[in-house]
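Written out below as structure tokens is the structure these notes cover.
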Amino acid sequence: VGMDVVGSSDSIYIKNNTLLGNLGLQNGRGFNINSSGSIIELDSNVIIDTDYGIYISSTSSSKVRNNVLQDIDLLGIEIQGDSGVFTDNIINSIVGGNGISINGNGGANVSRNKILGVTAGSGIVVNAPNSLVANNYVQSDGVGLAKGISLEANGSGSDVVFNSVNVTGTDVVNGQGITVNGGTNYRVKNNIFANNGGGYAAYINSDISTFDWDFNDYYSTKNSLASYVGTSYDTLSSLVAASGKDSNSLSVN
């Protein structure tokens, strides 16, 4: 661990540090924050070559912003505990995992982050309720699993809005702009889900009838634009007919 903060430390400010790790160290973490202190801020740090970039589990008012994570093996930022603000971070080159994973009690604000070069994982995983995922840019690539944003069972009530996703991975099945694996009452609006690698713009495994889902743009170089509950659809109009959503959405490059 580059820096480990555990306990009820109060008012933790970690700024302008550079941590250079070693991918050969199993479970190596740049910052490991597990605290119930009143204020935790990670600002303008650089983390290079670790298995995990930032792990934060806190009941505090957390702010993680303006950090740069480079060449991370498994997971860029993992969010546990209560809500926090995670903004303006750059996560570049995730070798085999996820860019940002939202877990815990929910209410996190994940916005204006740039997540590039995600392989064998998702750019953003939403698995905590009532979270905000907004104005992020995600690019996923590689020859296998390459997903932009994944909505999971515990993410109900979250807003996924104004994000731009570009999948360039070449797997025509496991390359997915947005993936829905569970949860209810999501708001998914004003996003761009582009798949330039030949896979799906959207891969929806759940009924989205309770979702507020519209005004998105879908693009794929694949004949099948989206998969909805096990059936592939070549056109946006056929997806709209099946899902009852996206009546104001577009399908353009």
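To be explicit about the labels: the chains of the structure tokens are called A, B, and onward in the order shown, and within each one the residues are counted from 1, while ligands get numbers from 1 in the order they are shown.
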All residues 12 Å or closer to Ile77 in chain A, only C-alpha atoms, same chain fewer than 6 positions away omitted, as a PyMOL selection string: chain A and resi 29-33+42+47+50-57+64-65+67-70+86-87+89-92+94+97-103+110+113+115+123-125
Tell me, as a PDB file with all heavy atoms, in the first residue's frame, which residues lie within 6 Å of Gly157 in chain A, counting only C-alpha atoms; anything in the same chain fewer than 3 positions away does not count.
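After the write, selection_20.pdb holds the following:
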```pdb
ATOM      1  N   PRO A 129     -27.152   2.498  -4.745  1.00  0.00           N
ATOM      2  CA  PRO A 129     -28.366   3.227  -5.097  1.00  0.00           C
ATOM      3  C   PRO A 129     -28.186   4.746  -5.093  1.00  0.00           C
ATOM      4  O   PRO A 129     -27.310   5.296  -4.427  1.00  0.00           O
ATOM      5  CB  PRO A 129     -29.354   2.803  -4.003  1.00  0.00           C
ATOM      6  CG  PRO A 129     -28.487   2.462  -2.825  1.00  0.00           C
ATOM      7  CD  PRO A 129     -27.260   1.847  -3.416  1.00  0.00           C
ATOM      8  N   ASN A 130     -29.051   5.393  -5.878  1.00  0.00           N
ATOM      9  CA  ASN A 130     -29.207   6.852  -5.842  1.00  0.00           C
ATOM     10  C   ASN A 130     -27.895   7.599  -6.081  1.00  0.00           C
ATOM     11  O   ASN A 130     -27.630   8.636  -5.455  1.00  0.00           O
ATOM     12  CB  ASN A 130     -29.823   7.273  -4.502  1.00  0.00           C
ATOM     13  CG  ASN A 130     -31.142   6.585  -4.229  1.00  0.00           C
ATOM     14  OD1 ASN A 130     -31.983   6.473  -5.115  1.00  0.00           O
ATOM     15  ND2 ASN A 130     -31.317   6.081  -3.017  1.00  0.00           N
ATOM     16  N   ASN A 185     -35.650   1.701 -11.641  1.00  0.00           N
ATOM     17  CA  ASN A 185     -35.811   3.155 -11.510  1.00  0.00           C
ATOM     18  C   ASN A 185     -34.549   3.950 -11.833  1.00  0.00           C
ATOM     19  O   ASN A 185     -34.304   5.004 -11.240  1.00  0.00           O
ATOM     20  CB  ASN A 185     -36.304   3.515 -10.100  1.00  0.00           C
ATOM     21  CG  ASN A 185     -37.661   2.905  -9.800  1.00  0.00           C
ATOM     22  OD1 ASN A 185     -38.557   2.927 -10.637  1.00  0.00           O
ATOM     23  ND2 ASN A 185     -37.801   2.331  -8.623  1.00  0.00           N
ATOM     24  N   TYR A 186     -33.766   3.463 -12.752  1.00  0.00           N
ATOM     25  CA  TYR A 186     -32.646   4.260 -13.249  1.00  0.00           C
ATOM     26  C   TYR A 186     -33.168   5.396 -14.133  1.00  0.00           C
ATOM     27  O   TYR A 186     -34.211   5.271 -14.776  1.00  0.00           O
ATOM     28  CB  TYR A 186     -31.711   3.404 -14.107  1.00  0.00           C
ATOM     29  CG  TYR A 186     -30.731   2.555 -13.335  1.00  0.00           C
ATOM     30  CD1 TYR A 186     -30.978   1.199 -13.117  1.00  0.00           C
ATOM     31  CD2 TYR A 186     -29.540   3.087 -12.867  1.00  0.00           C
ATOM     32  CE1 TYR A 186     -30.061   0.404 -12.446  1.00  0.00           C
ATOM     33  CE2 TYR A 186     -28.621   2.299 -12.195  1.00  0.00           C
ATOM     34  CZ  TYR A 186     -28.888   0.961 -11.983  1.00  0.00           C
ATOM     35  OH  TYR A 186     -27.977   0.172 -11.317  1.00  0.00           O
TER      36      TYR A 186
END
```
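Counting only C-alpha atoms, the residue from A:Ser61, A:Asn22, A:Asn17, A:Asn163 that sits nearest to Ser36 in chain A is A:Ser61.
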Test item, strand (DSSP E) assignment across range 13-163 of chain A, answer as a VMD selection string: chain A and resid 13 to 15 18 to 20 29 to 35 39 to 43 46 to 58 61 to 65 68 to 81 84 to 87 90 to 94 98 to 102 109 to 111 114 to 118 121 to 126 132 to 134 137 to 140 146 to 151 159 to 161
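For the choices A:Leu151, A:Val95, A:Ile40, A:Leu74, the atom-to-atom distance to Ser60 in chain A is smallest for A:Ile40 when using only C-alpha atoms.
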Mind checking which residues fall within 10 Å of Gly183 in chain A, counting only C-alpha atoms, ignoring those fewer than 5 positions away in the same chain, and posting them as a PDB file with C-alpha atoms, in the first residue's frame?
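Generated output (out.pdb):
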```
ATOM      1  CA  VAL A 126     -22.939   1.408 -10.875  1.00  0.00           C
ATOM      2  CA  ASN A 127     -23.817  -0.929  -7.986  1.00  0.00           C
ATOM      3  CA  ALA A 128     -24.991   1.473  -5.272  1.00  0.00           C
ATOM      4  CA  PRO A 129     -28.366   3.227  -5.097  1.00  0.00           C
ATOM      5  CA  LEU A 151     -25.719  -0.967 -14.283  1.00  0.00           C
ATOM      6  CA  GLU A 152     -25.990  -3.633 -11.603  1.00  0.00           C
ATOM      7  CA  ALA A 153     -28.658  -4.913  -9.188  1.00  0.00           C
ATOM      8  CA  ASN A 154     -27.862  -2.548  -6.309  1.00  0.00           C
ATOM      9  CA  GLY A 155     -27.729   0.618  -8.392  1.00  0.00           C
ATOM     10  CA  SER A 156     -31.452   1.346  -8.359  1.00  0.00           C
ATOM     11  CA  GLY A 157     -32.510   4.969  -8.490  1.00  0.00           C
ATOM     12  CA  SER A 158     -29.228   6.236  -9.953  1.00  0.00           C
ATOM     13  CA  SER A 206     -33.302  -6.554 -17.605  1.00  0.00           C
ATOM     14  CA  ASP A 207     -36.785  -5.127 -18.065  1.00  0.00           C
ATOM     15  CA  ILE A 208     -36.376  -1.326 -18.125  1.00  0.00           C
ATOM     16  CA  THR A 210     -39.525   1.369 -14.602  1.00  0.00           C
ATOM     17  CA  PHE A 211     -36.603   3.405 -16.002  1.00  0.00           C
TER      18      PHE A 211
END
```
Contacts of Ile192 in chain A within 6 Å, only C-alpha atoms, excl. fewer than 4 positions in-chain, as number ranges by chain: A: 164-165, 216-217
Distance of CA of Tyr200 in chain A from CA of Val172 in chain A, expressed in Å to one decimal place: 7.0 Å
Minimum-distance residue to Gly107 in chain A, chosen among A:Asn253, A:Ser224, A:Ser35, A:Gln80 (using only C-alpha atoms): A:Gln80
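When only C-alpha atoms are used to compute distances to Thr119 in chain A, the closest of the residues A:Asp171, A:Asp10, A:Asp159, A:Asp246 turns out to be A:Asp171.
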Residues near Gly230 in chain A, cut-off 10 Å, only C-alpha atoms, skip fewer than 2 positions along chain, as JSON, numbers by chain: {"A": [203, 204, 205, 206, 226, 227, 228, 232, 233]}
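Proximity of A:Asp4, A:Asp141, A:Ser238, A:Thr179 to Asn196 in chain A, computed with only C-alpha atoms, is greatest for A:Asp141.
Taking CA of Gly177 in chain A and CA of Leu116 in chain A as endpoints, the distance between them is 13.7 Å.
Minimum distance to Asn181 in chain A across A:Gly96, A:Thr231, A:Ile149, A:Gly198 (counting only C-alpha atoms) occurs at A:Ile149.
Take CA of Gln176 in chain A and CA of Gly142 in chain A: the distance between them is 12.2 Å.
If you count only C-alpha atoms and ignore residues fewer than 5 places along the chain from Tyr219 in chain A, what sits within 8 Å of it is Phe193, Ala194, Asn195, Asn196, Ala201, Leu225, Ser251, Val252 and Asn253 of chain A.
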